[in-house]
file my_file-v9.txt (compact mmCIF, C-alpha atoms and all ligand atoms)
# COMPACT_ATOMS: atom_id res chain seq x y z
CA MET A 1492 0.00 0.00 0.00
CA LYS A 1493 1.34 3.39 -1.02
CA ILE A 1494 0.47 6.57 0.87
CA ILE A 1495 0.16 9.77 -1.15
CA ALA A 1496 -0.44 13.07 0.66
CA CYS A 1497 -1.89 16.13 -1.07
CA TYR A 1498 -0.26 18.74 1.08
CA SER A 1499 0.77 22.39 1.13
CA ASN A 1500 1.56 24.72 3.98
CA LYS A 1501 -0.48 27.26 2.01
CA GLY A 1502 -4.30 27.32 1.98
CA GLY A 1503 -6.59 27.34 -1.06
CA VAL A 1504 -4.03 26.07 -3.59
CA GLY A 1505 -5.88 22.99 -4.87
CA LYS A 1506 -5.07 20.22 -2.36
CA THR A 1507 -8.66 19.03 -2.12
CA ALA A 1508 -9.29 19.38 -5.86
CA SER A 1509 -6.23 17.25 -6.59
CA SER A 1510 -7.04 14.71 -3.83
CA VAL A 1511 -10.52 14.17 -5.27
CA ASN A 1512 -9.47 13.97 -8.92
CA VAL A 1513 -6.35 11.87 -8.34
CA ALA A 1514 -8.28 9.48 -6.07
CA TYR A 1515 -10.90 9.08 -8.79
CA GLY A 1516 -8.27 8.71 -11.56
CA LEU A 1517 -6.28 6.04 -9.72
CA ALA A 1518 -9.46 4.12 -8.83
CA LYS A 1519 -10.54 4.27 -12.49
CA ALA A 1520 -7.13 2.85 -13.44
CA GLY A 1521 -7.91 -0.18 -11.26
CA GLN A 1522 -6.12 0.72 -8.03
CA ARG A 1523 -8.01 0.10 -4.77
CA VAL A 1524 -8.08 3.60 -3.29
CA LEU A 1525 -8.94 5.04 0.12
CA LEU A 1526 -9.28 8.82 0.24
CA CYS A 1527 -8.71 9.91 3.80
CA ASP A 1528 -9.99 13.42 4.56
CA LEU A 1529 -7.75 14.84 7.28
CA ASP A 1530 -9.13 18.37 7.03
CA PRO A 1531 -11.92 19.23 9.54
CA GLN A 1532 -13.55 21.33 6.77
CA GLY A 1533 -14.52 17.96 5.24
CA ALA A 1534 -14.40 19.23 1.66
CA SER A 1535 -13.28 16.03 -0.08
CA GLY A 1536 -16.02 14.06 1.72
CA PHE A 1537 -18.49 16.72 0.52
CA TYR A 1538 -17.37 16.33 -3.10
CA PHE A 1539 -18.02 12.59 -2.87
CA ARG A 1540 -21.39 13.06 -1.13
CA VAL A 1541 -20.22 11.33 2.05
CA LYS A 1542 -21.43 12.62 5.42
CA PRO A 1543 -18.97 13.56 8.20
CA SER A 1544 -17.95 10.64 10.39
CA LYS A 1545 -19.53 10.69 13.85
CA LYS A 1546 -17.58 7.69 15.08
CA LEU A 1547 -14.10 9.11 14.95
CA THR A 1548 -14.21 11.61 17.80
CA ASP A 1549 -11.55 12.33 20.45
CA ASP A 1550 -8.30 10.52 19.74
CA ARG A 1551 -10.05 7.44 18.32
CA PHE A 1552 -8.69 8.11 14.84
CA PHE A 1553 -5.26 7.14 16.17
CA THR A 1554 -6.17 4.65 18.90
CA ASP A 1555 -9.25 2.66 17.91
CA VAL A 1556 -8.62 0.50 14.83
CA LYS A 1557 -12.16 -0.88 14.82
CA ARG A 1558 -13.75 2.56 14.78
CA PHE A 1559 -11.23 3.77 12.20
CA THR A 1560 -12.13 0.99 9.76
CA SER A 1561 -15.88 1.15 10.45
CA ALA A 1562 -15.86 4.91 9.69
CA ILE A 1563 -14.77 4.17 6.10
CA ARG A 1564 -17.56 4.68 3.56
CA GLY A 1565 -18.02 3.47 0.00
CA SER A 1566 -18.31 6.06 -2.79
CA ASP A 1567 -20.41 6.12 -5.97
CA PHE A 1568 -17.36 4.76 -7.81
CA ASP A 1569 -15.72 1.33 -8.06
CA ASN A 1570 -12.48 0.82 -6.12
CA LEU A 1571 -12.88 4.10 -4.23
CA ASP A 1572 -13.65 4.43 -0.52
CA ILE A 1573 -13.69 7.56 1.63
CA LEU A 1574 -12.80 8.18 5.24
CA PRO A 1575 -14.76 11.40 5.92
CA ALA A 1576 -13.55 14.04 8.35
CA ASN A 1577 -15.42 15.73 11.18
CA MET A 1578 -14.86 18.89 13.23
CA THR A 1579 -12.94 17.07 15.98
CA PHE A 1580 -10.15 16.53 13.44
CA ARG A 1581 -9.19 20.14 14.20
CA ASP A 1582 -7.84 18.87 17.52
CA PHE A 1583 -5.48 16.28 16.02
CA ASP A 1584 -2.45 18.16 17.34
CA VAL A 1585 -3.83 18.16 20.89
CA PHE A 1586 -4.51 14.41 20.73
CA LEU A 1587 -1.10 13.72 19.24
CA SER A 1588 0.71 15.82 21.86
CA ARG A 1589 -0.65 13.50 24.57
CA MET A 1590 0.55 10.34 22.84
CA LYS A 1591 3.82 8.46 22.88
CA ASN A 1592 5.59 8.28 19.51
CA SER A 1593 3.40 11.20 18.48
CA ARG A 1594 5.17 11.60 15.11
CA SER A 1595 4.45 8.09 13.82
CA ARG A 1596 0.83 7.72 14.94
CA LEU A 1597 -0.73 8.31 11.52
CA LYS A 1598 1.43 5.61 9.94
CA LYS A 1599 0.30 3.21 12.65
CA ALA A 1600 -3.39 4.05 12.12
CA LEU A 1601 -3.10 3.54 8.35
CA LYS A 1602 -1.38 0.18 8.82
CA SER A 1603 -4.78 -1.22 9.82
CA VAL A 1604 -5.93 -0.97 6.16
CA ASP A 1605 -2.63 -2.02 4.60
CA SER A 1606 -4.01 -5.12 2.85
CA ASP A 1607 -7.33 -3.52 1.80
CA TYR A 1608 -5.99 -0.76 -0.45
CA ASP A 1609 -3.25 -0.19 -3.03
CA VAL A 1610 -3.22 3.56 -2.43
CA VAL A 1611 -4.26 5.80 0.45
CA LEU A 1612 -4.62 9.44 -0.50
CA LEU A 1613 -4.51 12.03 2.28
CA ASP A 1614 -6.30 15.35 1.80
CA CYS A 1615 -4.38 17.50 4.28
CA PRO A 1616 -5.15 20.75 6.10
CA PRO A 1617 -2.83 23.70 5.37
CA ASN A 1618 -0.22 24.16 8.10
CA ILE A 1619 3.01 22.76 9.49
CA SER A 1620 1.98 20.96 12.68
CA THR A 1621 2.48 17.68 14.52
CA LEU A 1622 -0.11 16.22 12.16
CA SER A 1623 1.90 17.35 9.13
CA GLU A 1624 5.05 15.80 10.60
CA ASN A 1625 3.06 12.56 10.81
CA ILE A 1626 2.05 13.07 7.19
CA PHE A 1627 5.65 13.70 6.08
CA ARG A 1628 6.85 10.56 7.86
CA SER A 1629 4.07 8.23 6.70
CA ALA A 1630 3.70 9.33 3.05
CA ASP A 1631 5.61 7.71 0.19
CA ALA A 1632 4.90 10.78 -1.94
CA ILE A 1633 3.81 14.30 -1.08
CA LEU A 1634 1.95 16.04 -3.89
CA VAL A 1635 2.26 19.80 -3.44
CA PRO A 1636 0.06 22.06 -5.61
CA VAL A 1637 1.86 25.32 -6.34
CA ILE A 1638 0.06 28.35 -7.79
CA PRO A 1639 2.82 30.02 -9.84
CA THR A 1640 3.05 33.25 -7.84
CA THR A 1641 5.77 34.74 -5.65
CA LEU A 1642 4.08 33.86 -2.35
CA SER A 1643 3.51 30.25 -3.36
CA GLU A 1644 7.13 29.91 -4.42
CA ARG A 1645 8.10 31.18 -0.96
CA THR A 1646 5.93 28.61 0.84
CA PHE A 1647 7.35 25.83 -1.38
CA GLU A 1648 10.85 26.96 -0.35
CA GLN A 1649 9.80 26.96 3.32
CA LEU A 1650 8.58 23.38 2.97
CA LEU A 1651 11.88 22.26 1.41
CA GLU A 1652 13.79 24.05 4.19
CA PHE A 1653 11.67 22.36 6.85
CA PHE A 1654 12.46 18.96 5.31
CA ALA A 1655 16.19 19.80 5.29
CA GLU A 1656 16.13 20.98 8.94
CA GLN A 1657 14.22 17.91 10.12
CA GLU A 1658 16.35 15.58 7.98
CA LEU A 1659 13.26 14.34 6.16
CA PRO A 1660 13.71 12.95 2.62
CA GLN A 1661 13.07 15.81 0.16
CA LYS A 1662 12.69 13.30 -2.66
CA LYS A 1663 9.17 12.55 -1.37
CA ILE A 1664 8.15 16.06 -2.38
CA MET A 1665 6.49 16.24 -5.80
CA GLY A 1666 5.34 19.75 -6.58
CA PHE A 1667 3.11 20.54 -9.53
CA PHE A 1668 1.64 23.78 -10.81
CA SER A 1669 -1.97 24.48 -9.94
CA MET A 1670 -4.58 27.00 -11.14
CA VAL A 1671 -2.28 28.07 -13.98
CA GLN A 1672 -3.53 30.99 -16.06
CA GLY A 1673 -1.95 30.99 -19.50
CA THR A 1674 -2.66 34.69 -20.00
CA LYS A 1675 -0.66 35.78 -16.94
CA LYS A 1676 2.95 36.74 -17.59
CA LEU A 1677 3.79 36.32 -13.89
CA HIS A 1678 2.58 32.70 -13.98
CA ALA A 1679 4.76 31.86 -17.00
CA GLU A 1680 7.82 33.59 -15.50
CA THR A 1681 7.39 31.98 -12.08
CA MET A 1682 6.97 28.52 -13.63
CA GLU A 1683 10.10 28.95 -15.71
CA GLY A 1684 12.11 30.20 -12.73
CA MET A 1685 10.88 27.44 -10.40
CA ARG A 1686 11.53 24.69 -12.95
CA LYS A 1687 15.14 25.90 -13.14
CA ALA A 1688 15.51 26.23 -9.36
CA TYR A 1689 13.89 22.89 -8.40
CA PRO A 1690 14.19 20.58 -11.43
CA LYS A 1691 13.91 17.42 -9.32
CA ARG A 1692 11.14 18.60 -7.02
CA LEU A 1693 8.60 19.60 -9.67
CA LEU A 1694 6.57 17.23 -11.82
CA ASP A 1695 6.04 18.14 -15.45
CA VAL A 1696 2.34 18.72 -14.83
CA ALA A 1697 0.27 21.91 -14.75
CA ILE A 1698 -3.39 22.01 -13.76
CA PRO A 1699 -5.03 24.94 -15.58
CA PHE A 1700 -7.30 27.44 -13.86
CA SER A 1701 -10.69 26.19 -15.00
CA THR A 1702 -14.32 26.78 -14.10
CA GLU A 1703 -14.77 23.00 -14.56
CA VAL A 1704 -12.85 22.49 -11.31
CA GLU A 1705 -15.01 25.08 -9.55
CA LYS A 1706 -18.12 23.26 -10.83
CA MET A 1707 -17.12 20.18 -8.82
CA GLY A 1708 -18.98 21.89 -5.98
CA VAL A 1709 -22.19 21.93 -8.03
CA HIS A 1710 -21.91 18.39 -9.40
CA ARG A 1711 -20.33 17.04 -6.21
CA ALA A 1712 -18.21 14.72 -8.31
CA PRO A 1713 -14.71 14.59 -9.87
CA VAL A 1714 -14.15 16.69 -13.00
CA ALA A 1715 -13.78 13.71 -15.36
CA THR A 1716 -17.35 12.56 -14.59
CA PHE A 1717 -18.95 15.69 -16.07
CA ALA A 1718 -16.26 17.32 -18.26
CA ARG A 1719 -14.29 14.31 -19.47
CA SER A 1720 -12.62 15.91 -22.49
CA GLY A 1721 -11.91 19.30 -20.88
CA ALA A 1722 -8.44 20.67 -20.14
CA ALA A 1723 -8.74 20.16 -16.37
CA ALA A 1724 -9.70 16.47 -16.63
CA LYS A 1725 -6.82 15.88 -19.05
CA ALA A 1726 -4.36 17.60 -16.71
CA TYR A 1727 -5.51 15.53 -13.71
CA ASP A 1728 -5.17 12.43 -15.90
CA ALA A 1729 -1.56 13.42 -16.64
CA LEU A 1730 -0.98 13.97 -12.91
CA CYS A 1731 -2.31 10.47 -12.12
CA GLN A 1732 -0.11 8.87 -14.76
CA THR A 1733 3.01 10.75 -13.61
CA VAL A 1734 2.40 9.82 -9.99
CA GLN A 1735 1.83 6.15 -10.89
CA LYS A 1736 5.10 6.10 -12.83
CA ARG A 1737 7.00 7.73 -9.95
CA LEU A 1738 5.66 5.27 -7.40
N1 LIG B 1 -7.63 24.35 -11.25
C1 LIG B 1 -8.55 25.13 -10.67
N2 LIG B 1 -9.22 26.07 -11.40
C2 LIG B 1 -10.14 26.87 -10.83
N3 LIG B 1 -10.49 26.81 -9.54
C3 LIG B 1 -9.87 25.90 -8.77
C4 LIG B 1 -8.86 25.03 -9.27
N4 LIG B 1 -8.42 24.24 -8.26
C5 LIG B 1 -9.13 24.60 -7.17
N5 LIG B 1 -10.00 25.61 -7.47
C6 LIG B 1 -10.94 26.29 -6.56
O1 LIG B 1 -10.17 27.01 -5.61
C7 LIG B 1 -10.70 26.83 -4.32
C8 LIG B 1 -9.65 26.16 -3.43
O2 LIG B 1 -9.37 24.87 -3.95
P1 LIG B 1 -9.17 23.63 -2.98
O3 LIG B 1 -10.29 23.55 -2.00
O4 LIG B 1 -8.90 22.44 -3.80
O5 LIG B 1 -7.84 24.11 -2.24
P2 LIG B 1 -7.20 23.57 -0.88
O6 LIG B 1 -5.75 23.75 -1.02
O7 LIG B 1 -7.71 22.21 -0.57
O8 LIG B 1 -7.81 24.61 0.17
P3 LIG B 1 -7.74 24.50 1.78
O9 LIG B 1 -6.37 24.95 2.16
O10 LIG B 1 -8.83 25.42 2.26
O11 LIG B 1 -7.99 23.06 2.15
C9 LIG B 1 -11.97 26.02 -4.47
O12 LIG B 1 -13.06 26.90 -4.54
C10 LIG B 1 -11.79 25.30 -5.80
O13 LIG B 1 -13.01 25.08 -6.45
MG MG B 2 -8.66 21.45 1.14

call {"tool": "encode", "arguments": {"input": "my_file-v9.txt", "output": "structure tokens"}}
result
Amino acid sequence: MKIIACYSNKGGVGKTASSVNVAYGLAKAGQRVLLCDLDPQGASGFYFRVKPSKKLTDDRFFTDVKRFTSAIRGSDFDNLDILPANMTFRDFDVFLSRMKNSRSRLKKALKSVDSDYDVVLLDCPPNISTLSENIFRSADAILVPVIPTTLSERTFEQLLEFFAEQELPQKKIMGFFSMVQGTKKLHAETMEGMRKAYPKRLLDVAIPFSTEVEKMGVHRAPVATFARSGAAAKAYDALCQTVQKRL
């Protein structure tokens, strides 16, 4: 079982959009996928029409294997299950701070589904916390959406620095450009500059800014289910294929 985190220390960059579309794409390609919503906002569960989990309150996410597995829900799609979030997930850091081996607790919790899935995708909340250290340690790959602007470049740098300071393997980090607007000169320049600066840390994938992605909220489904031949669906397809090759 491979663990892929959709993570950024910056908010609103496309983590949930990529989690949902990559989870769908990998499941369509025949992988058994669990999408685990770690963000108390519960957006990826919403997109898949799955209600928040009432069972996983307090620290049970990390301590109660039975409740963890019974909180998993099926989706409308073959090979794709969802572990929905709830508001108590906002207290993950508090729960983790009380536990022994607090930085490897997520890995332990996910071990309980090791034989049930080929891929676990983690839709992560935007910060650097004890939870994110758990994510960095448990994930085989960390997909980082980067909007090609100066501030996003800065947060990407901060993430790489954090990995260096903590002696975490930077090779797990797979950045890709998100919400790219072809008409913006700044986007083109930033992408060119970043590709030169971080050739090994950026995938050759760019998700375009597209109203089709925004419409996921209306359809409550992945882009490819309602705009199959559009630019966004094609870009997410390319992202899935690149990730599969890398893993
Ligand atoms: N490629 C895209 N084109 C246009 N809009 C997009 C695209 N990707 C995401 N969006 C929109 O931008 C907003 C933020 O996207 P998303 O929720 O995926 O980001 P996030 O990184 O998960 O945010 P958060 O940090 O709040 O969890 C959403 O309204 C989404 O519909
Ligand atoms: Mg999100």

call {"tool": "residues_near_ligand", "arguments": {"input": "my_file-v9.txt", "ligand": "ligand LIG 1 (chain B)", "cutoff": "6 Å", "atoms": "all atoms listed in the file", "output": "list in words"}}
result
Gly1502, Gly1503, Val1504, Gly1505, Lys1506, Thr1507, Ala1508, Pro1616, Pro1617, Ser1669, Met1670, Ile1698, Pro1699, Phe1700, Ser1701, Thr1702, Val1704 and Glu1705 of chain A

call {"tool": "residues_near_ligand", "arguments": {"input": "my_file-v9.txt", "ligand": "ligand MG 2 (chain B)", "cutoff": "12 Å", "atoms": "only C-alpha atoms and all ligand atoms", "output": "CSV table (one decimal) with C-alpha atoms, keeping the file's coordinate frame"}}
result
chain,number,residue,atom,x,y,z
A,1496,ALA,CA,-0.4,13.1,0.7
A,1497,CYS,CA,-1.9,16.1,-1.1
A,1498,TYR,CA,-0.3,18.7,1.1
A,1499,SER,CA,0.8,22.4,1.1
A,1500,ASN,CA,1.6,24.7,4.0
A,1501,LYS,CA,-0.5,27.3,2.0
A,1502,GLY,CA,-4.3,27.3,2.0
A,1503,GLY,CA,-6.6,27.3,-1.1
A,1504,VAL,CA,-4.0,26.1,-3.6
A,1505,GLY,CA,-5.9,23.0,-4.9
A,1506,LYS,CA,-5.1,20.2,-2.4
A,1507,THR,CA,-8.7,19.0,-2.1
A,1508,ALA,CA,-9.3,19.4,-5.9
A,1509,SER,CA,-6.2,17.2,-6.6
A,1510,SER,CA,-7.0,14.7,-3.8
A,1511,VAL,CA,-10.5,14.2,-5.3
A,1527,CYS,CA,-8.7,9.9,3.8
A,1528,ASP,CA,-10.0,13.4,4.6
A,1529,LEU,CA,-7.8,14.8,7.3
A,1530,ASP,CA,-9.1,18.4,7.0
A,1531,PRO,CA,-11.9,19.2,9.5
A,1532,GLN,CA,-13.6,21.3,6.8
A,1533,GLY,CA,-14.5,18.0,5.2
A,1534,ALA,CA,-14.4,19.2,1.7
A,1535,SER,CA,-13.3,16.0,-0.1
A,1536,GLY,CA,-16.0,14.1,1.7
A,1537,PHE,CA,-18.5,16.7,0.5
A,1538,TYR,CA,-17.4,16.3,-3.1
A,1576,ALA,CA,-13.6,14.0,8.4
A,1613,LEU,CA,-4.5,12.0,2.3
A,1614,ASP,CA,-6.3,15.4,1.8
A,1615,CYS,CA,-4.4,17.5,4.3
A,1616,PRO,CA,-5.2,20.8,6.1
A,1617,PRO,CA,-2.8,23.7,5.4
A,1618,ASN,CA,-0.2,24.2,8.1
A,1635,VAL,CA,2.3,19.8,-3.4
A,1636,PRO,CA,0.1,22.1,-5.6

call {"tool": "residues_near_point", "arguments": {"input": "my_file-v9.txt", "point": "(6.9, 34.5, -10.0)", "cutoff": "9 Å", "atoms": "all atoms listed in the file", "output": "VMD selection string"}}
result
chain A and resid 1639 to 1644 1676 to 1685

call {"tool": "write_last_selection", "arguments": {"input": "my_file-v9.txt", "atoms": "C-alpha atoms", "output": "PDB file, in the frame of the given file"}}
result
ATOM      1  CA  PRO A1639       2.820  30.020  -9.840  1.00  0.00           C
ATOM      2  CA  THR A1640       3.050  33.250  -7.840  1.00  0.00           C
ATOM      3  CA  THR A1641       5.770  34.740  -5.650  1.00  0.00           C
ATOM      4  CA  LEU A1642       4.080  33.860  -2.350  1.00  0.00           C
ATOM      5  CA  SER A1643       3.510  30.250  -3.360  1.00  0.00           C
ATOM      6  CA  GLU A1644       7.130  29.910  -4.420  1.00  0.00           C
ATOM      7  CA  LYS A1676       2.950  36.740 -17.590  1.00  0.00           C
ATOM      8  CA  LEU A1677       3.790  36.320 -13.890  1.00  0.00           C
ATOM      9  CA  HIS A1678       2.580  32.700 -13.980  1.00  0.00           C
ATOM     10  CA  ALA A1679       4.760  31.860 -17.000  1.00  0.00           C
ATOM     11  CA  GLU A1680       7.820  33.590 -15.500  1.00  0.00           C
ATOM     12  CA  THR A1681       7.390  31.980 -12.080  1.00  0.00           C
ATOM     13  CA  MET A1682       6.970  28.520 -13.630  1.00  0.00           C
ATOM     14  CA  GLU A1683      10.100  28.950 -15.710  1.00  0.00           C
ATOM     15  CA  GLY A1684      12.110  30.200 -12.730  1.00  0.00           C
ATOM     16  CA  MET A1685      10.880  27.440 -10.400  1.00  0.00           C
TER      17      MET A1685
END

call {"tool": "closest_residue", "arguments": {"input": "my_file-v9.txt", "among": "A:Arg1523, A:Thr1674, A:Ile1495, A:Thr1733", "to": "A:Phe1627", "atoms": "only C-alpha atoms"}}
result
A:Ile1495

call {"tool": "residues_around", "arguments": {"input": "my_file-v9.txt", "residues": "stretch 1571-1574 of chain A", "least_positions_apart": "2", "cutoff": "9 Å", "atoms": "all atoms listed in the file", "output": "VMD selection string"}}
result
chain A and resid 1514 to 1515 1517 to 1519 1522 to 1529 1535 to 1536 1539 1541 1543 to 1544 1559 to 1560 1562 to 1569 1576

call {"tool": "write_last_selection", "arguments": {"input": "my_file-v9.txt", "atoms": "C-alpha atoms", "output": "short mmCIF file (atom, residue, chain, number, x, y, z; two decimals), keeping the file's coordinate frame"}}
result
data_model
loop_
_atom_site.label_atom_id
_atom_site.label_comp_id
_atom_site.auth_asym_id
_atom_site.auth_seq_id
_atom_site.Cartn_x
_atom_site.Cartn_y
_atom_site.Cartn_z
CA ALA A 1514 -8.28 9.48 -6.07
CA TYR A 1515 -10.90 9.08 -8.79
CA LEU A 1517 -6.28 6.04 -9.72
CA ALA A 1518 -9.46 4.12 -8.83
CA LYS A 1519 -10.54 4.27 -12.49
CA GLN A 1522 -6.12 0.72 -8.03
CA ARG A 1523 -8.01 0.10 -4.77
CA VAL A 1524 -8.08 3.60 -3.29
CA LEU A 1525 -8.94 5.04 0.12
CA LEU A 1526 -9.28 8.82 0.24
CA CYS A 1527 -8.71 9.91 3.80
CA ASP A 1528 -9.99 13.42 4.56
CA LEU A 1529 -7.75 14.84 7.28
CA SER A 1535 -13.28 16.03 -0.08
CA GLY A 1536 -16.02 14.06 1.72
CA PHE A 1539 -18.02 12.59 -2.87
CA VAL A 1541 -20.22 11.33 2.05
CA PRO A 1543 -18.97 13.56 8.20
CA SER A 1544 -17.95 10.64 10.39
CA PHE A 1559 -11.23 3.77 12.20
CA THR A 1560 -12.13 0.99 9.76
CA ALA A 1562 -15.86 4.91 9.69
CA ILE A 1563 -14.77 4.17 6.10
CA ARG A 1564 -17.56 4.68 3.56
CA GLY A 1565 -18.02 3.47 0.00
CA SER A 1566 -18.31 6.06 -2.79
CA ASP A 1567 -20.41 6.12 -5.97
CA PHE A 1568 -17.36 4.76 -7.81
CA ASP A 1569 -15.72 1.33 -8.06
CA ALA A 1576 -13.55 14.04 8.35
#

call {"tool": "atom_distance", "arguments": {"input": "my_file-v9.txt", "atom1": "atom CA of A:Ile1619", "atom2": "atom CA of A:Phe1654"}}
result
11.0 Å

call {"tool": "residues_around", "arguments": {"input": "my_file-v9.txt", "residues": "A:Ile1494", "least_positions_apart": "2", "cutoff": "12 Å", "atoms": "only C-alpha atoms", "output": "MDAnalysis selection string"}}
result
chainID A and resid 1492 1496:1497 1514 1524:1527 1597:1598 1601:1602 1604:1605 1608:1614 1625:1634 1663 1734:1735 1738

call {"tool": "residues_around", "arguments": {"input": "my_file-v9.txt", "residues": "stretch 1582-1587 of chain A", "least_positions_apart": "3", "cutoff": "9 Å", "atoms": "all atoms listed in the file", "output": "PyMOL selection string"}}
result
chain A and resi 1531+1549-1550+1552-1553+1578-1579+1590-1594+1596+1620-1622

call {"tool": "closest_residue", "arguments": {"input": "my_file-v9.txt", "among": "A:Ser1623, A:Gln1732, A:Thr1548, A:Thr1646", "to": "A:Gly1516", "atoms": "all atoms listed in the file"}}
result
A:Gln1732

call {"tool": "closest_residue", "arguments": {"input": "my_file-v9.txt", "among": "A:Ala1600, A:Ala1520, A:Ala1723, A:Ala1715", "to": "A:Lys1557", "atoms": "only C-alpha atoms"}}
result
A:Ala1600

call {"tool": "atom_distance", "arguments": {"input": "my_file-v9.txt", "atom1": "atom CA of A:Glu1652", "atom2": "atom CA of A:Leu1693"}}
result
15.5 Å

call {"tool": "atom_distance", "arguments": {"input": "my_file-v9.txt", "atom1": "atom CA of A:Leu1694", "atom2": "atom CA of A:Lys1599"}}
result
28.9 Å

call {"tool": "closest_residue", "arguments": {"input": "my_file-v9.txt", "among": "A:Gly1666, A:Gly1708, A:Pro1660, A:Pro1690", "to": "A:Phe1647", "atoms": "all atoms listed in the file"}}
result
A:Gly1666

call {"tool": "decode", "arguments": {"input": "my_file-v9.txt", "residues": "stretch 1631-1651 of chain A", "atoms": "N, CA and C atoms", "output": "PDB file, in the first residue's frame"}}
result
ATOM      1  N   ASP A1631       4.578   8.092   1.161  1.00  0.00           N
ATOM      2  CA  ASP A1631       5.610   7.708   0.193  1.00  0.00           C
ATOM      3  C   ASP A1631       5.846   8.854  -0.785  1.00  0.00           C
ATOM      4  N   ALA A1632       4.789   9.627  -1.036  1.00  0.00           N
ATOM      5  CA  ALA A1632       4.900  10.782  -1.936  1.00  0.00           C
ATOM      6  C   ALA A1632       4.053  11.915  -1.392  1.00  0.00           C
ATOM      7  N   ILE A1633       4.560  13.128  -1.538  1.00  0.00           N
ATOM      8  CA  ILE A1633       3.811  14.296  -1.079  1.00  0.00           C
ATOM      9  C   ILE A1633       3.572  15.199  -2.289  1.00  0.00           C
ATOM     10  N   LEU A1634       2.312  15.215  -2.726  1.00  0.00           N
ATOM     11  CA  LEU A1634       1.955  16.042  -3.887  1.00  0.00           C
ATOM     12  C   LEU A1634       1.673  17.457  -3.397  1.00  0.00           C
ATOM     13  N   VAL A1635       2.410  18.422  -3.917  1.00  0.00           N
ATOM     14  CA  VAL A1635       2.256  19.797  -3.445  1.00  0.00           C
ATOM     15  C   VAL A1635       1.787  20.701  -4.589  1.00  0.00           C
ATOM     16  N   PRO A1636       0.504  21.115  -4.574  1.00  0.00           N
ATOM     17  CA  PRO A1636       0.056  22.062  -5.605  1.00  0.00           C
ATOM     18  C   PRO A1636       0.691  23.430  -5.367  1.00  0.00           C
ATOM     19  N   VAL A1637       1.200  24.007  -6.450  1.00  0.00           N
ATOM     20  CA  VAL A1637       1.856  25.320  -6.336  1.00  0.00           C
ATOM     21  C   VAL A1637       1.230  26.270  -7.354  1.00  0.00           C
ATOM     22  N   ILE A1638       0.548  27.312  -6.875  1.00  0.00           N
ATOM     23  CA  ILE A1638       0.059  28.347  -7.794  1.00  0.00           C
ATOM     24  C   ILE A1638       1.293  29.172  -8.172  1.00  0.00           C
ATOM     25  N   PRO A1639       1.561  29.359  -9.469  1.00  0.00           N
ATOM     26  CA  PRO A1639       2.818  30.021  -9.839  1.00  0.00           C
ATOM     27  C   PRO A1639       2.830  31.524  -9.550  1.00  0.00           C
ATOM     28  N   THR A1640       2.920  31.860  -8.267  1.00  0.00           N
ATOM     29  CA  THR A1640       3.046  33.248  -7.841  1.00  0.00           C
ATOM     30  C   THR A1640       4.192  33.331  -6.834  1.00  0.00           C
ATOM     31  N   THR A1641       4.617  34.541  -6.535  1.00  0.00           N
ATOM     32  CA  THR A1641       5.773  34.741  -5.651  1.00  0.00           C
ATOM     33  C   THR A1641       5.539  34.137  -4.269  1.00  0.00           C
ATOM     34  N   LEU A1642       4.353  34.365  -3.701  1.00  0.00           N
ATOM     35  CA  LEU A1642       4.083  33.859  -2.348  1.00  0.00           C
ATOM     36  C   LEU A1642       4.085  32.334  -2.297  1.00  0.00           C
ATOM     37  N   SER A1643       3.536  31.714  -3.326  1.00  0.00           N
ATOM     38  CA  SER A1643       3.506  30.249  -3.356  1.00  0.00           C
ATOM     39  C   SER A1643       4.915  29.688  -3.487  1.00  0.00           C
ATOM     40  N   GLU A1644       5.734  30.355  -4.275  1.00  0.00           N
ATOM     41  CA  GLU A1644       7.127  29.910  -4.420  1.00  0.00           C
ATOM     42  C   GLU A1644       7.811  29.952  -3.053  1.00  0.00           C
ATOM     43  N   ARG A1645       7.504  31.007  -2.289  1.00  0.00           N
ATOM     44  CA  ARG A1645       8.096  31.175  -0.961  1.00  0.00           C
ATOM     45  C   ARG A1645       7.653  30.029  -0.026  1.00  0.00           C
ATOM     46  N   THR A1646       6.383  29.693  -0.060  1.00  0.00           N
ATOM     47  CA  THR A1646       5.930  28.607   0.840  1.00  0.00           C
ATOM     48  C   THR A1646       6.528  27.263   0.406  1.00  0.00           C
ATOM     49  N   PHE A1647       6.732  27.078  -0.896  1.00  0.00           N
ATOM     50  CA  PHE A1647       7.355  25.832  -1.380  1.00  0.00           C
ATOM     51  C   PHE A1647       8.796  25.746  -0.845  1.00  0.00           C
ATOM     52  N   GLU A1648       9.487  26.886  -0.892  1.00  0.00           N
ATOM     53  CA  GLU A1648      10.855  26.960  -0.349  1.00  0.00           C
ATOM     54  C   GLU A1648      10.870  26.622   1.140  1.00  0.00           C
ATOM     55  N   GLN A1649       9.887  27.206   1.873  1.00  0.00           N
ATOM     56  CA  GLN A1649       9.802  26.957   3.321  1.00  0.00           C
ATOM     57  C   GLN A1649       9.616  25.470   3.610  1.00  0.00           C
ATOM     58  N   LEU A1650       8.819  24.813   2.778  1.00  0.00           N
ATOM     59  CA  LEU A1650       8.584  23.381   2.969  1.00  0.00           C
ATOM     60  C   LEU A1650       9.887  22.596   2.748  1.00  0.00           C
ATOM     61  N   LEU A1651      10.608  22.949   1.681  1.00  0.00           N
ATOM     62  CA  LEU A1651      11.880  22.257   1.412  1.00  0.00           C
ATOM     63  C   LEU A1651      12.875  22.500   2.553  1.00  0.00           C
TER      64      LEU A1651
END
